[in-house]
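What follows is one structure encoded as structure tokens, with my remarks underneath.
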Amino acid sequence: MKLTKTLLATTALGLTAAGAMAQEEMANDMTLVSWGGAYQASQVNAYAEPYKENNPEVTITWDESSNEAVAKLRAMNEAGSITWDVVDVVASDALRLCDEGLAMEIDPDEILAAAPDGTSAEDDFGDLLVGDCFIPQIVYSTTFGYRTDMVPEGVDAPDDICDVFDLETYPGMRALEKRPINNVEWALLCDGVAKEDVYDVLATEEGQQQALDKLATIKDSVIWWSAGADTPQLLADGEVFMGSTYNGRLFSAIVEQDQPIGMMWDAQVFDLDGWIIPEGLPEDRLNRALDFIMYATDTQRLADQAKYISYGPARLSSAPLVGQHAELGIDMAPHMPTDPENAKNTFLYNYEFWADYRDDIDAKFQSWLAQ
Amino acid sequence: MSDTTGPDQITGATPDNALRNADRAEVQDGPMLAADGRPLKESLGRALRRQKMRALLLVAPLLLFVLLTFVVPIVSMLFRSVENQIVSDTLPGTVQAMADWDASTGDVPPEPVFQNLFFDLFDAAEAKEHTKLGTRLNYENTGLASLFRTSGRSMDDIGEIFQDAIEEVDPRFEEGAFWFAMMNGEGNSAVLADQRRRWEALTGDDMDGDIGFAPSQAIVDLLPQTARAYTRFAIWTAIEDEDVVAEEDPWEAFYAALALDLRDPATVSAIADYQGEGADALRALAAADLPDVSFKDAFAELDEDWLSPSVWETLSVYSASFTPGYFLNSVDRELTSDGVSLRPENERIYIKLFGRTLWMSMIITFSCILLGYPVAWLLANLPARTANVLMILVLLPFWTSLLVRTSAWKVLLQQQGVINELLVWLGFIDNANRLVLMNNSTGTIIAMTHILLPFMILPLYSVMKTVNPSYLRAAKSLGATNWTAFWRVYFPQSVPGIGAGSILVFILAIGYYITPEIVGGTDGVFISNRIAYHISRSLNWGLAAALGTILLVVVLILYWCYDQIVGIDNVKLG
């Protein structure tokens, strides 16, 4: 019943939106930028293919450049020729693009569809609307996975973030990302700093040193990764015992590739990924981009994406619609980072803090790594 | 390099030689004439010029291509390493007001600087440029990004303090049309042009065009700050927003400007004689009690960091249009108001990385020579059929994608990888003590030596191919041992190949990025990995450009040294 209503509502919304836009001129070519891999595939299946069915005249080109989207957009802006129409970036990058004037400021209630029950887009996305340019899509988390067959005998499987720092009980290599973000927070948490004080402590020189000192206790047992695919590979090869990466990567290693890997979930760090529209698009391309965004971020589309990848939809109203994996037929809800069972102890990426401290702490972190 | 090229060495009928012959002939018997009666020299000169033009035209497409796609982008990128106009473009008034103030006192600048900061930030926030400046300055002083972001949004609040008071005195000040009537008049083009330039510097856009407004001379004399603030509003409204100036709601900024103008007693007395539009309203304002808010306090209320001397030190140190700051950062130093100082020890990294890059590139070059020399010798001396098969083995990896080869090394080198498994199986090492062959400098050296090996083997091979085998036979027949014959006769002839290979390998290695990133871990990464980080992640392009420039200069210096020691003429690619 609910589903039919939603479908009807979204169809109606789609129709009115299409009606309103019909008078305006829309470009038929659109370049979407995303991350490639399973994530982009989920977007193709959940948004792009259905959108093309409704608008057969549109051709969509995908560019797998999200990783260096900020730098490329800046270069395009300086060259005066923007070739991208809609760009998928993480929230912190969206904030920087907004600061640099490279992303268009948006009014969520104006360009995004309301929820099927009439809740405005602004309320439906809630706190996830970070900055003035960001259109959230999914909630993902950075968390730890571990080799179930490498847990020492007679010891419980690791279920606490501080087990990462406990080399005595859990000997073996770890994989951590080669940047300070997340690592320093985890280090402080395990060095006795209360969760609510972490960023206050990190804002001080002593706090930064404290975090690096804690990391130094395991430095010799760490392989530092820079691509999200590294950790699942290292785990699959038995190179590391535990490692941090994005939860969707671990999901596909565990469920789709059947690797002996367990999820830790403790102190997982939530982060957001979503769209931005580059500043300075010509009128017709902008109209097309807005039309696509309106469609691709509605309640049903966001829920559909969760059929293909274990990232949580950014809309509150999408959560109840999350169903089963499109091919494996398993329930997706328990694999979502936002599932209550998994989200007992979580952390939200602090955008404001890292916008300020990223360069400073990164310089110290890299210098510490090189020692 | 060869000694038979160059026009001077060619004998026979070339235009150059003919010209020289004509010269000689002229000295002897007067001008020699060509068949058409003109002096031969002139005629030949024209032919020569035409020929040179034709040659130039032939290379012109390539020359243009190289200029446009190679030289221009590189130079403009390197230029960023000193460029710093963003501070004076975004905060022109503040920078000017700060010129008289000495940052090294450790104080906060006086009130006029804060007044200018208000107008500068107000405009910058309107044009959404304030966050760019915040990002730029955050590289030097952590926290400035959010300071500028949040303060920019709140400039309206400061202006409203004055707006409310002024509108209370006379509600006509709420109307855009009233303001327009008061400010518009016989054009003062100097003020207008100045404010246009100011917007252009801030936004980078062209601000010329008719705006349907010019500040009246009377108002410019009477209320200079207000006239400037209003003119900026008019230009922005007409050109960027494409609206009609008189119909737009006034900005908060010029209420503040008006209140500031009225703080001057001379202005108050001049208003008494003023007869223009809105004179009565101004007189009422002059008599009224406007808020005597200090801008310094207003900023402090927004964010107490505005009273932090370190913020002002950064602003003052980086207010110049060109800065050595990026270069100092790239050699682990920093610019302060007291001059140049060393960075704190826990932030130093670049000198170490430069040193490591050079040292490891040398090791890689040396291992390439060691491994490549015998292979090249085999290739040059085996019968053609076998040599061709070997050649394919050398070239095959050369044609394979760099990423694929590096990833293959990952599979081989990791602790559960092929090499370790094999050694454990053979019993050479214990299962618990597997070798750590990657995610460190060893991994980088192994993988890069392999990847760059063809660049050593190919020049070596082509040089060895030209070494005449009869020299070796002659040496041996004169009684040399195998070693002496090789070392005294063969090796010296192959040195140009080693030179060419070394230069190629070393210069390629020094700028390598992908391989160290994948197998280098923490102590096997190069300076180029940091450059890439600053280009694509931190967006600190100025620092990336400075690091790149230093790397380029280091390579050129090494090249020069090489030329002095070995001599570039001794390098042969074939």
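Please note that chains go A, B, ... in the order of the structure tokens, that every chain numbers its residues from 1, and that ligands are numbered from 1 in the order shown.
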
Check: which chain A residues lie within 8 Å of chain B using only C-alpha atoms, as an MDAnalysis selection string: chainID A and resid 68 70:72 99:101 223:224 237:239 352 355:357 359:360 363:364 366:370

Extract the full set of alpha helix (DSSP H) residues from stretch 94-318 of chain A according to DSSP on the backbone, and format it as a ChimeraX atom specification. /A:94-99,108-111,121-125,183-189,198-202,205-216,230-236,247-251,283-296,299-305

Return as JSON, numbers by chain the full set of residues in stretch 33-267 of chain B whose backbone-based DSSP assignment is strand (DSSP E or B). {"B": [33, 39, 83, 184, 187, 215, 216]}

If you keep N, CA and C atoms, can you produce a file of those selected residues as a PDB file, in the first residue's frame?
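In the end it all went to out_7.pdb:
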```
ATOM      1  N   LEU B  33      77.104  40.623 -60.671  1.00  0.00           N
ATOM      2  CA  LEU B  33      75.679  40.703 -61.002  1.00  0.00           C
ATOM      3  C   LEU B  33      75.119  39.322 -61.310  1.00  0.00           C
ATOM      4  N   PRO B  39      72.495  42.939 -58.286  1.00  0.00           N
ATOM      5  CA  PRO B  39      73.705  42.435 -57.636  1.00  0.00           C
ATOM      6  C   PRO B  39      73.473  41.017 -57.130  1.00  0.00           C
ATOM      7  N   GLU B  83      52.999  34.050  -6.958  1.00  0.00           N
ATOM      8  CA  GLU B  83      51.858  34.936  -7.106  1.00  0.00           C
ATOM      9  C   GLU B  83      50.991  34.937  -5.848  1.00  0.00           C
ATOM     10  N   ASN B 184      23.006  60.292  -7.054  1.00  0.00           N
ATOM     11  CA  ASN B 184      23.199  60.467  -8.492  1.00  0.00           C
ATOM     12  C   ASN B 184      23.393  61.945  -8.823  1.00  0.00           C
ATOM     13  N   GLY B 187      28.421  63.512 -13.153  1.00  0.00           N
ATOM     14  CA  GLY B 187      29.310  62.374 -12.936  1.00  0.00           C
ATOM     15  C   GLY B 187      30.687  62.724 -12.401  1.00  0.00           C
ATOM     16  N   PRO B 215      28.167  59.048  -9.404  1.00  0.00           N
ATOM     17  CA  PRO B 215      28.088  59.759  -8.121  1.00  0.00           C
ATOM     18  C   PRO B 215      28.218  61.264  -8.331  1.00  0.00           C
ATOM     19  N   SER B 216      27.384  62.031  -7.668  1.00  0.00           N
ATOM     20  CA  SER B 216      27.456  63.481  -7.870  1.00  0.00           C
ATOM     21  C   SER B 216      28.696  64.029  -7.167  1.00  0.00           C
TER      22      SER B 216
END
```

Please measure the separation of atom CA of B:Leu437 and atom CA of B:Leu413, giving the value in Å to one decimal. 5.5 Å

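Put simply, atom CA of A:Ala319 is 20.5 Å away from atom CA of A:Ala41.
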
Please identify all polymer residues within 9 Å of B:Tyr559, counting only C-alpha atoms, omitting same-chain residues fewer than 5 positions from it, and present them as a PyMOL selection string. chain B and resi 503+554+564+568

Saved selection, atoms kept: C-alpha atoms, as a CSV table (one decimal), in the first residue's frame:
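Saved the output as result-v6.csv:
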```
chain,number,residue,atom,x,y,z
B,503,ILE,CA,70.4,10.7,-17.9
B,554,VAL,CA,67.6,20.7,-9.3
B,564,GLN,CA,80.8,19.6,-17.0
B,568,ILE,CA,76.9,16.1,-23.1
```

B:Gly325 surroundings by only C-alpha atoms, 8 Å radius, close-in-sequence under 4 positions cut, as a tab-separated table (two decimals) with N, CA and C atoms, in the first residue's frame:
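This went into result21.tsv:
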```tsv
chain	number	residue	atom	x	y	z
B	82	VAL	N	54.94	32.19	-6.85
B	82	VAL	CA	55.23	33.47	-6.20
B	82	VAL	C	54.01	34.38	-6.17
B	318	TYR	N	51.40	38.34	4.35
B	318	TYR	CA	51.00	37.88	3.02
B	318	TYR	C	50.19	38.92	2.26
B	329	ASN	N	58.14	27.67	2.33
B	329	ASN	CA	57.45	26.48	2.82
B	329	ASN	C	58.06	25.22	2.23
B	334	GLU	N	59.41	29.20	7.19
B	334	GLU	CA	58.17	29.97	7.09
B	334	GLU	C	58.46	31.45	7.21
B	335	LEU	N	57.52	32.22	6.69
B	335	LEU	CA	57.65	33.66	6.67
B	335	LEU	C	56.91	34.22	7.89
```

Please provide as an NGL selection string all residues within 12 Å of B:Trp359, with the sequence filter that same-chain residues fewer than 3 positions apart are discarded (counting only C-alpha atoms). :B and (352-356 or 362-366 or 441 or 445 or 506 or 509-510 or 524-527)
